[in-house]
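File shown: input.cif. Contents: mmCIF, C-alpha atoms.
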```cif
data_model
#
loop_
_atom_site.label_atom_id
_atom_site.label_comp_id
_atom_site.auth_asym_id
_atom_site.auth_seq_id
_atom_site.Cartn_x
_atom_site.Cartn_y
_atom_site.Cartn_z
CA MET H 1 210.85 70.38 -35.18
CA HIS H 2 212.02 73.94 -34.66
CA TYR H 3 211.02 76.79 -36.89
CA PRO H 4 213.11 79.93 -36.98
CA THR H 5 211.45 83.07 -35.67
CA GLY H 6 209.17 84.77 -38.14
CA VAL H 7 208.68 81.81 -40.43
CA LYS H 8 205.04 80.76 -40.79
CA VAL H 9 204.24 77.07 -40.57
CA LYS H 10 202.59 75.94 -43.78
CA LYS H 11 200.39 72.90 -43.57
CA ASN H 12 199.96 70.64 -46.55
CA ASN H 13 196.34 69.71 -46.09
CA ASN H 14 193.53 71.87 -47.39
CA ILE H 15 191.55 72.08 -44.18
CA ASN H 16 193.59 74.95 -42.84
CA TYR H 17 192.38 77.30 -45.55
CA ALA H 18 191.81 80.26 -43.28
CA ASN H 19 195.32 80.86 -42.08
CA ARG H 20 197.39 80.53 -45.19
CA GLY H 21 200.00 83.20 -45.12
CA MET H 22 198.08 85.45 -42.75
CA THR H 23 199.53 86.99 -39.65
CA LEU H 24 197.73 86.93 -36.32
CA GLU H 25 197.18 90.66 -36.69
CA SER H 26 195.63 90.40 -40.14
CA GLU H 27 193.37 87.53 -39.00
CA LEU H 28 192.15 89.65 -36.11
CA ASN H 29 191.70 92.71 -38.30
CA GLU H 30 189.57 90.68 -40.73
CA THR H 31 187.57 89.25 -37.85
CA ASN H 32 186.98 92.71 -36.39
CA HIS H 33 185.93 93.99 -39.80
CA PHE H 34 183.43 91.12 -40.02
CA TYR H 35 182.09 91.98 -36.55
CA LEU H 36 181.80 95.63 -37.55
CA VAL H 37 179.96 95.24 -40.84
CA ASN H 38 177.63 92.63 -39.33
CA ASN H 39 176.78 94.86 -36.37
CA ILE H 40 178.17 92.35 -33.87
CA ALA H 41 180.82 94.49 -32.19
CA VAL H 42 182.97 97.59 -32.71
CA ILE H 43 186.54 96.56 -32.00
CA TYR H 44 189.71 98.05 -33.50
CA LYS H 45 193.42 97.55 -33.25
CA LYS H 46 195.09 100.66 -31.90
CA PRO H 47 197.76 102.24 -34.09
CA THR H 48 201.37 101.41 -33.29
CA PRO H 49 202.64 103.96 -30.79
CA ILE H 50 205.63 105.96 -31.99
CA THR H 51 207.52 109.05 -30.94
CA ILE H 52 207.91 111.47 -33.81
CA HIS H 53 211.17 113.43 -33.84
CA LYS H 54 211.13 115.07 -37.25
CA VAL H 55 208.54 115.81 -39.91
CA ASN H 56 209.25 117.36 -43.30
CA TYR H 57 206.42 119.41 -44.73
CA LYS H 58 206.78 119.30 -48.48
CA SER H 59 203.49 121.13 -48.80
CA ARG H 60 200.46 121.85 -46.66
CA ASN H 61 198.98 118.40 -47.18
CA ASP H 62 202.15 116.43 -47.66
CA ALA H 63 203.89 115.78 -44.38
CA VAL H 64 206.58 113.10 -44.31
CA ILE H 65 207.80 111.67 -41.02
CA VAL H 66 211.56 111.29 -41.47
CA ASP H 67 212.63 110.44 -37.93
CA ALA H 68 210.54 108.48 -35.45
CA ARG H 69 210.98 105.63 -32.97
CA PHE H 70 208.75 102.82 -31.81
CA LYS H 71 207.43 103.23 -28.27
CA ILE H 72 206.62 100.47 -25.82
CA PRO H 73 202.81 100.38 -25.74
CA SER H 74 201.29 101.39 -22.41
CA THR H 75 198.13 99.40 -22.97
CA THR H 76 196.92 96.48 -25.07
CA ASP H 77 196.52 96.42 -28.83
CA TYR H 78 192.76 95.91 -29.21
CA ASN H 79 189.70 97.40 -27.59
CA GLY H 80 186.08 98.19 -28.27
CA ILE H 81 182.50 97.37 -27.40
CA TYR H 82 180.52 94.12 -27.57
CA LYS H 83 176.96 93.70 -26.27
CA GLY H 84 177.31 96.96 -24.38
CA LYS H 85 180.48 95.75 -22.63
CA TYR H 86 183.98 97.14 -22.80
CA ILE H 87 186.36 94.62 -24.41
CA ASP H 88 190.14 94.88 -24.16
CA PHE H 89 192.77 92.39 -25.23
CA GLU H 90 196.25 91.68 -26.41
CA ALA H 91 197.24 89.06 -29.01
CA LYS H 92 200.53 87.22 -28.65
CA GLU H 93 202.30 84.63 -30.74
CA SER H 94 204.90 82.03 -29.80
CA HIS H 95 206.89 79.50 -31.81
CA SER H 96 207.42 77.28 -28.79
CA LYS H 97 205.70 73.89 -28.66
CA THR H 98 205.81 73.23 -24.92
CA SER H 99 204.89 76.50 -23.26
CA PHE H 100 204.16 80.18 -23.75
CA PRO H 101 207.01 82.43 -22.54
CA LEU H 102 205.80 85.20 -20.24
CA LYS H 103 208.53 87.55 -21.50
CA ASN H 104 206.29 88.03 -24.57
CA ILE H 105 203.94 90.02 -22.36
CA HIS H 106 204.81 93.48 -20.99
CA PRO H 107 204.20 94.06 -17.25
CA HIS H 108 202.13 97.20 -17.94
CA GLN H 109 199.85 95.17 -20.22
CA ILE H 110 199.06 92.86 -17.30
CA GLU H 111 198.51 95.89 -15.05
CA HIS H 112 196.23 97.39 -17.69
CA LEU H 113 194.14 94.20 -17.98
CA LYS H 114 193.80 94.07 -14.19
CA MET H 115 192.50 97.65 -14.22
CA ILE H 116 190.01 96.82 -16.97
CA SER H 117 188.70 93.87 -15.02
CA LYS H 118 188.42 96.02 -11.88
CA HIS H 119 186.33 98.60 -13.76
CA GLY H 120 183.89 96.01 -15.08
CA GLY H 121 185.37 95.39 -18.52
CA ILE H 122 186.37 92.13 -20.16
CA GLY H 123 190.14 91.80 -20.48
CA PHE H 124 191.98 88.82 -21.91
CA ILE H 125 194.86 87.65 -24.08
CA ILE H 126 194.69 85.64 -27.28
CA PHE H 127 197.65 83.24 -27.49
CA TYR H 128 198.74 81.82 -30.80
CA PHE H 129 200.89 78.69 -30.88
CA SER H 130 202.20 78.97 -34.41
CA ILE H 131 203.70 75.46 -34.48
CA TYR H 132 200.30 73.90 -33.86
CA ASN H 133 198.40 76.71 -35.57
CA GLU H 134 196.23 76.87 -32.45
CA PHE H 135 194.61 79.89 -30.84
CA TYR H 136 193.61 80.01 -27.17
CA ILE H 137 192.07 82.50 -24.79
CA LEU H 138 193.09 82.31 -21.16
CA LYS H 139 191.11 84.10 -18.50
CA LEU H 140 193.07 86.74 -16.63
CA ASP H 141 193.03 84.79 -13.34
CA ILE H 142 194.77 81.84 -14.99
CA ILE H 143 197.37 84.13 -16.56
CA LEU H 144 197.96 85.80 -13.18
CA ARG H 145 198.47 82.43 -11.52
CA TYR H 146 201.62 82.10 -13.66
CA TRP H 147 202.46 85.78 -13.92
CA ASN H 148 202.68 86.16 -10.16
CA ASN H 149 204.82 83.06 -9.83
CA GLN H 150 207.72 83.83 -12.15
CA ASP H 151 210.29 83.00 -9.51
CA GLU H 152 209.38 79.39 -10.16
CA ARG H 153 208.79 79.33 -13.89
CA LYS H 154 208.71 81.93 -16.63
CA SER H 155 206.18 80.39 -18.97
CA ILE H 156 202.68 78.91 -19.09
CA PRO H 157 202.73 75.20 -20.02
CA TYR H 158 200.97 74.22 -23.23
CA SER H 159 198.86 71.75 -21.24
CA VAL H 160 197.28 74.64 -19.32
CA PHE H 161 195.97 76.06 -22.60
CA VAL H 162 194.63 72.66 -23.66
CA ASN H 163 193.00 71.94 -20.30
CA GLU H 164 191.92 75.34 -19.03
CA GLY H 165 191.94 77.61 -22.06
CA TYR H 166 189.22 78.28 -24.57
CA LYS H 167 190.31 77.17 -28.00
CA ILE H 168 189.30 79.45 -30.87
CA ASN H 169 188.70 77.52 -34.05
CA GLU H 170 189.59 79.11 -37.34
CA GLY H 171 186.82 79.62 -39.83
CA TYR H 172 186.16 81.44 -43.03
CA LEU H 173 183.89 84.24 -41.84
CA PRO H 174 184.81 85.29 -39.27
CA ARG H 175 188.30 83.88 -39.31
CA LEU H 176 188.82 83.87 -35.56
CA ASP H 177 185.50 84.00 -33.77
CA TYR H 178 186.95 85.01 -30.42
CA LEU H 179 183.73 86.64 -29.22
CA LYS H 180 182.22 83.15 -29.04
CA ALA H 181 184.82 82.46 -26.36
CA ILE H 182 183.80 85.62 -24.54
CA ASP H 183 180.15 84.55 -24.57
CA TYR H 184 181.17 81.18 -23.13
CA LEU H 185 183.47 82.63 -20.48
CA GLU H 186 180.89 85.23 -19.41
CA GLU H 187 178.17 82.57 -19.11
CA ASN H 188 180.43 80.30 -17.08
CA ASN H 189 181.92 82.96 -14.85
CA MET W 1 189.51 139.61 -33.35
CA HIS W 2 190.96 136.83 -35.47
CA TYR W 3 193.73 134.56 -34.32
CA PRO W 4 195.78 132.70 -36.91
CA THR W 5 195.48 128.92 -36.83
CA GLY W 6 197.69 127.26 -34.25
CA VAL W 7 198.25 130.30 -32.08
CA LYS W 8 197.00 129.90 -28.51
CA VAL W 9 195.07 132.72 -26.93
CA LYS W 10 196.84 133.91 -23.81
CA LYS W 11 194.74 135.59 -21.19
CA ASN W 12 196.22 138.16 -18.90
CA ASN W 13 194.30 137.43 -15.73
CA ASN W 14 195.45 134.85 -13.23
CA ILE W 15 192.16 133.02 -12.85
CA ASN W 16 192.76 130.85 -15.86
CA TYR W 17 195.65 129.02 -14.23
CA ALA W 18 194.78 125.60 -15.56
CA ASN W 19 195.12 126.22 -19.24
CA ARG W 20 198.26 128.28 -19.50
CA GLY W 21 200.13 127.06 -22.52
CA MET W 22 198.49 123.64 -22.53
CA THR W 23 196.98 122.09 -25.60
CA LEU W 24 193.58 120.42 -25.55
CA GLU W 25 195.34 117.09 -25.95
CA SER W 26 197.67 117.61 -23.01
CA GLU W 27 194.78 118.76 -20.81
CA LEU W 28 192.87 115.61 -21.67
CA ASN W 29 195.92 113.42 -21.15
CA GLU W 30 196.46 114.90 -17.69
CA THR W 31 192.78 114.45 -16.89
CA ASN W 32 192.87 110.83 -18.02
CA HIS W 33 195.98 110.23 -15.94
CA PHE W 34 194.15 111.66 -12.93
CA TYR W 35 191.19 109.38 -13.60
CA LEU W 36 193.52 106.40 -13.93
CA VAL W 37 195.58 106.84 -10.78
CA ASN W 38 192.46 107.64 -8.76
CA ASN W 39 190.65 104.54 -10.01
CA ILE W 40 187.87 106.58 -11.58
CA ALA W 41 188.19 105.43 -15.20
CA VAL W 42 190.63 103.87 -17.66
CA ILE W 43 190.67 106.11 -20.72
CA TYR W 44 193.56 106.63 -23.15
CA LYS W 45 194.27 108.59 -26.26
CA LYS W 46 194.98 106.28 -29.16
CA PRO W 47 198.35 106.71 -30.88
CA THR W 48 198.42 108.79 -34.07
CA PRO W 49 197.81 106.44 -37.00
CA ILE W 50 200.62 106.38 -39.52
CA THR W 51 201.67 104.28 -42.48
CA ILE W 52 205.27 103.19 -42.20
CA HIS W 53 207.17 102.95 -45.48
CA LYS W 54 210.75 102.49 -44.36
CA VAL W 55 212.52 101.49 -41.17
CA ASN W 56 216.28 101.44 -40.66
CA TYR W 57 217.53 98.86 -38.19
CA LYS W 58 220.75 100.18 -36.75
CA SER W 59 220.80 97.29 -34.32
CA ARG W 60 218.37 94.73 -32.94
CA ASN W 61 216.84 97.18 -30.50
CA ASP W 62 217.37 100.38 -32.40
CA ALA W 63 214.85 100.75 -35.19
CA VAL W 64 214.43 104.19 -36.73
CA ILE W 65 211.41 105.01 -38.86
CA VAL W 66 212.78 107.12 -41.72
CA ASP W 67 209.76 107.30 -44.00
CA ALA W 68 206.16 107.36 -42.81
CA ARG W 69 202.96 109.29 -43.51
CA PHE W 70 200.06 110.37 -41.36
CA LYS W 71 196.84 108.45 -41.97
CA ILE W 72 193.31 109.78 -41.60
CA PRO W 73 192.02 108.16 -38.39
CA SER W 74 189.18 105.68 -38.90
CA THR W 75 187.81 106.17 -35.40
CA THR W 76 187.95 108.73 -32.62
CA ASP W 77 190.99 109.66 -30.56
CA TYR W 78 189.93 108.57 -27.06
CA ASN W 79 188.27 105.51 -25.62
CA GLY W 80 188.09 103.45 -22.48
CA ILE W 81 185.89 102.36 -19.61
CA TYR W 82 184.02 104.31 -16.93
CA LYS W 83 181.65 102.76 -14.40
CA GLY W 84 181.57 99.59 -16.47
CA LYS W 85 180.53 101.52 -19.59
CA TYR W 86 182.35 101.91 -22.86
CA ILE W 87 183.35 105.54 -23.44
CA ASP W 88 184.41 106.89 -26.84
CA PHE W 89 185.03 110.46 -27.88
CA GLU W 90 186.80 112.94 -30.07
CA ALA W 91 188.16 116.33 -29.02
CA LYS W 92 188.06 119.24 -31.45
CA GLU W 93 189.23 122.80 -31.26
CA SER W 94 188.10 125.88 -33.15
CA HIS W 95 189.31 129.47 -33.22
CA SER W 96 185.96 130.75 -34.40
CA LYS W 97 183.85 132.88 -32.06
CA THR W 98 180.44 132.45 -33.64
CA SER W 99 180.14 128.77 -34.54
CA PHE W 100 181.96 125.46 -34.73
CA PRO W 101 182.77 124.44 -38.35
CA LEU W 102 181.67 120.89 -39.14
CA LYS W 103 184.61 120.43 -41.52
CA ASN W 104 186.73 119.91 -38.38
CA ILE W 105 185.00 116.54 -37.96
CA HIS W 106 185.63 113.57 -40.28
CA PRO W 107 182.52 111.78 -41.62
CA HIS W 108 183.84 108.37 -40.45
CA GLN W 109 184.18 109.75 -36.92
CA ILE W 110 180.47 110.56 -36.92
CA GLU W 111 179.72 107.08 -38.32
CA HIS W 112 181.90 105.57 -35.62
CA LEU W 113 180.11 107.47 -32.83
CA LYS W 114 176.74 106.37 -34.22
CA MET W 115 177.93 102.73 -34.11
CA ILE W 116 179.13 103.14 -30.52
CA SER W 117 175.79 104.54 -29.48
CA LYS W 118 173.98 101.69 -31.25
CA HIS W 119 176.05 99.11 -29.34
CA GLY W 120 175.29 100.65 -25.96
CA GLY W 121 178.39 102.78 -25.48
CA ILE W 122 178.67 106.46 -24.68
CA GLY W 123 179.96 108.49 -27.62
CA PHE W 124 180.42 112.23 -27.71
CA ILE W 125 182.64 115.11 -28.83
CA ILE W 126 184.42 117.67 -26.67
CA PHE W 127 184.45 121.05 -28.41
CA TYR W 128 186.98 123.68 -27.44
CA PHE W 129 186.33 127.31 -28.33
CA SER W 130 189.86 128.63 -27.93
CA ILE W 131 188.85 132.31 -28.17
CA TYR W 132 186.61 131.99 -25.13
CA ASN W 133 188.69 129.23 -23.54
CA GLU W 134 185.45 127.27 -23.18
CA PHE W 135 184.89 123.54 -23.38
CA TYR W 136 181.55 121.96 -24.25
CA ILE W 137 180.14 118.50 -24.70
CA LEU W 138 177.29 118.09 -27.15
CA LYS W 139 175.21 114.93 -27.18
CA LEU W 140 175.39 113.00 -30.42
CA ASP W 141 171.75 113.73 -31.34
CA ILE W 142 172.39 117.47 -31.22
CA ILE W 143 175.52 117.08 -33.36
CA LEU W 144 173.57 114.96 -35.85
CA ARG W 145 170.84 117.59 -36.10
CA TYR W 146 173.48 119.85 -37.70
CA TRP W 147 175.58 117.14 -39.33
CA ASN W 148 172.60 115.87 -41.32
CA ASN W 149 171.64 119.35 -42.39
CA GLN W 150 174.84 120.61 -44.02
CA ASP W 151 173.02 121.69 -47.16
CA GLU W 152 171.71 124.56 -45.08
CA ARG W 153 174.66 125.42 -42.87
CA LYS W 154 178.09 123.93 -42.29
CA SER W 155 178.62 124.80 -38.67
CA ILE W 156 177.00 124.58 -35.24
CA PRO W 157 176.19 128.04 -33.81
CA TYR W 158 177.95 129.00 -30.59
CA SER W 159 174.53 129.65 -29.02
CA VAL W 160 173.68 125.94 -29.36
CA PHE W 161 176.66 125.08 -27.16
CA VAL W 162 175.69 127.68 -24.61
CA ASN W 163 172.02 126.65 -24.54
CA GLU W 164 172.08 122.92 -25.16
CA GLY W 165 175.65 121.83 -24.44
CA TYR W 166 177.24 120.79 -21.19
CA LYS W 167 180.00 123.21 -20.25
CA ILE W 168 183.10 121.62 -18.75
CA ASN W 169 184.77 123.91 -16.26
CA GLU W 170 188.52 123.85 -15.98
CA GLY W 171 190.01 122.93 -12.65
CA TYR W 172 193.31 122.01 -11.14
CA LEU W 173 192.81 118.27 -10.56
CA PRO W 174 191.39 117.02 -12.79
CA ARG W 175 191.91 119.76 -15.34
CA LEU W 176 188.88 118.94 -17.47
CA ASP W 177 186.40 116.88 -15.50
CA TYR W 178 184.44 115.70 -18.52
CA LEU W 179 183.15 112.57 -16.79
CA LYS W 180 181.01 114.85 -14.61
CA ALA W 181 179.24 115.82 -17.83
CA ILE W 182 178.78 112.16 -18.68
CA ASP W 183 177.21 111.50 -15.28
CA TYR W 184 174.85 114.41 -15.85
CA LEU W 185 173.94 113.43 -19.40
CA GLU W 186 173.35 109.78 -18.43
CA GLU W 187 171.12 110.78 -15.51
CA ASN W 188 169.10 113.12 -17.71
CA ASN W 189 168.83 110.88 -20.70
#
```
Now that the file is in, can you turn its structure into structure tokens?
Amino acid sequence: MHYPTGVKVKKNNNINYANRGMTLESELNETNHFYLVNNIAVIYKKPTPITIHKVNYKSRNDAVIVDARFKIPSTTDYNGIYKGKYIDFEAKESHSKTSFPLKNIHPHQIEHLKMISKHGGIGFIIFYFSIYNEFYILKLDIILRYWNNQDERKSIPYSVFVNEGYKINEGYLPRLDYLKAIDYLEENN
Amino acid sequence: MHYPTGVKVKKNNNINYANRGMTLESELNETNHFYLVNNIAVIYKKPTPITIHKVNYKSRNDAVIVDARFKIPSTTDYNGIYKGKYIDFEAKESHSKTSFPLKNIHPHQIEHLKMISKHGGIGFIIFYFSIYNEFYILKLDIILRYWNNQDERKSIPYSVFVNEGYKINEGYLPRLDYLKAIDYLEENN
């Protein structure tokens, strides 16, 4: 079964209540809001980077951006603090059912995560397989095993996520309790 | 001597080589770049938050934002990691010579810095007195002493910066070595 890009998979059972119609970004934003108001962590999505070319000032407090372009982000989308530690991650989605294409990840995002790890922070990627509605965290060393070997293959097999990844289960509050995965990975490091 | 908003003070001596024509933001960006390439810290300015209302897609890879507005930021402008610690700060400029007006700081930025401190991170504000071309860091507790007392006065006197702040001296590389202040403040905490 192939779904065209951008179309969300709707399941017919009622168990998957958490993800109905939500994007990965909105699920993470809700989760981060839950973490924030419950004093668990302070993690935000960074604004989308753009280059502004022209702004019209209708009045002192009414500036309208009328010409701007999207920029390629130089870092990851999310960062913050959890249990005194610096947290930094990217969230990526794929519609593939057999593997996660590495072209979804920018080279400078990998370089950034390597730097974070080197400086004592916790860097990772959340992978969303939309066809299965499954969320996984892979540790950076597993990602690098494939990243550094793209002459051979340009994707990470689904089986690697199942066997070596940490699966994040969807819930109601929080929707995507990814910090549970971080606790587990830190304990078993 | 009063300078209109937005006009940089130009000094006529040659000692102040570092700041000629540079904005506070560009000085901090250069400093952060220096920290990054020298493996000292990984700290970035977050993109300016905007709300996008309309995008024209000329082609698949050529999207032009034609209607967007600036949003009030919900956090601070800069964050990252230094010596394994989460760093989070805002940079503010004033043209006043006697005090720093608190209206330059958004209430949610103060709330955010309080949260960061509570979670074990290092939160602070860099204050730039453009008239003197002086940069200071005030610890959050000193800022709060004035922030929580705005019924009485709505600014922090310049003398408080001189007596209780940490002055950041401008240099060539890095231009604004604010992490030296963080080392000092952490050691004397």
Could you spell out the hits of the PyMOL selection byres ((chain H) within 7 of (chain W)) on the shown file, as a compact mmCIF listing (two decimals) with C-alpha atoms, in the coordinates of the input?
```
# COMPACT_ATOMS: atom_id res chain seq x y z
CA LYS H 46 195.09 100.66 -31.90
CA PRO H 47 197.76 102.24 -34.09
CA THR H 48 201.37 101.41 -33.29
CA PRO H 49 202.64 103.96 -30.79
CA ALA H 63 203.89 115.78 -44.38
CA VAL H 64 206.58 113.10 -44.31
CA ILE H 65 207.80 111.67 -41.02
CA VAL H 66 211.56 111.29 -41.47
CA ASP H 67 212.63 110.44 -37.93
CA ALA H 68 210.54 108.48 -35.45
CA ARG H 69 210.98 105.63 -32.97
CA ILE H 81 182.50 97.37 -27.40
CA TYR H 82 180.52 94.12 -27.57
CA LYS H 83 176.96 93.70 -26.27
CA GLY H 84 177.31 96.96 -24.38
CA LYS H 85 180.48 95.75 -22.63
CA TYR H 86 183.98 97.14 -22.80
CA HIS H 119 186.33 98.60 -13.76
CA GLY H 120 183.89 96.01 -15.08
CA GLY H 121 185.37 95.39 -18.52
```
If you measure from CA of Gln150 in chain W to CA of Thr98 in chain W, what distance in Å do you get, rounded to one decimal?
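Distance between the two atoms: 16.7 Å.
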Residues selected by the PyMOL selection byres ((chain W and resi 158) around 9), written as a list in words
Lys97, Thr98, Ser99, Phe100, Phe129, Ile156, Pro157, Ser159, Val160, Phe161, Val162 and Asn163 of chain W
When you draw a straight line from CA of His108 in chain W to CA of Trp147 in chain W, how long is it in Å?
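Result for CA of His108 in chain W versus CA of Trp147 in chain W: 12.1 Å, one decimal.
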Grab the Cα RMSD for chain H fitted onto chain W, all atoms paired in sequence order, one decimal please.
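0.2 Å is the C-alpha RMSD between the two chains.
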Build an axis-aligned box that encloses every atom of range 130-142 of chain H listed in the file, pad it by 5 Å on each side, and report its centre and edge lengths in Å to one decimal, as JSON.
```
{"center_x": 197.4, "center_y": 80.3, "center_z": -24.5, "size_x": 22.6, "size_y": 22.8, "size_z": 32.2}
```
Residue by residue, what does the PyMOL selection byres ((chain H and resi 166-176) around 7) grab here? Present the result as a PDB file with C-alpha atoms, in the frame of the given file.
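Generated file (selection_36.pdb):
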```
ATOM      1  CA  ALA H  18     191.810  80.260 -43.280  1.00  0.00           C
ATOM      2  CA  GLU H  27     193.370  87.530 -39.000  1.00  0.00           C
ATOM      3  CA  LEU H  28     192.150  89.650 -36.110  1.00  0.00           C
ATOM      4  CA  THR H  31     187.570  89.250 -37.850  1.00  0.00           C
ATOM      5  CA  PHE H  34     183.430  91.120 -40.020  1.00  0.00           C
ATOM      6  CA  PHE H 135     194.610  79.890 -30.840  1.00  0.00           C
ATOM      7  CA  TYR H 136     193.610  80.010 -27.170  1.00  0.00           C
ATOM      8  CA  ILE H 137     192.070  82.500 -24.790  1.00  0.00           C
ATOM      9  CA  LEU H 138     193.090  82.310 -21.160  1.00  0.00           C
ATOM     10  CA  GLU H 164     191.920  75.340 -19.030  1.00  0.00           C
ATOM     11  CA  GLY H 165     191.940  77.610 -22.060  1.00  0.00           C
ATOM     12  CA  ASP H 177     185.500  84.000 -33.770  1.00  0.00           C
ATOM     13  CA  TYR H 178     186.950  85.010 -30.420  1.00  0.00           C
ATOM     14  CA  ALA H 181     184.820  82.460 -26.360  1.00  0.00           C
TER      15      ALA H 181
END
```
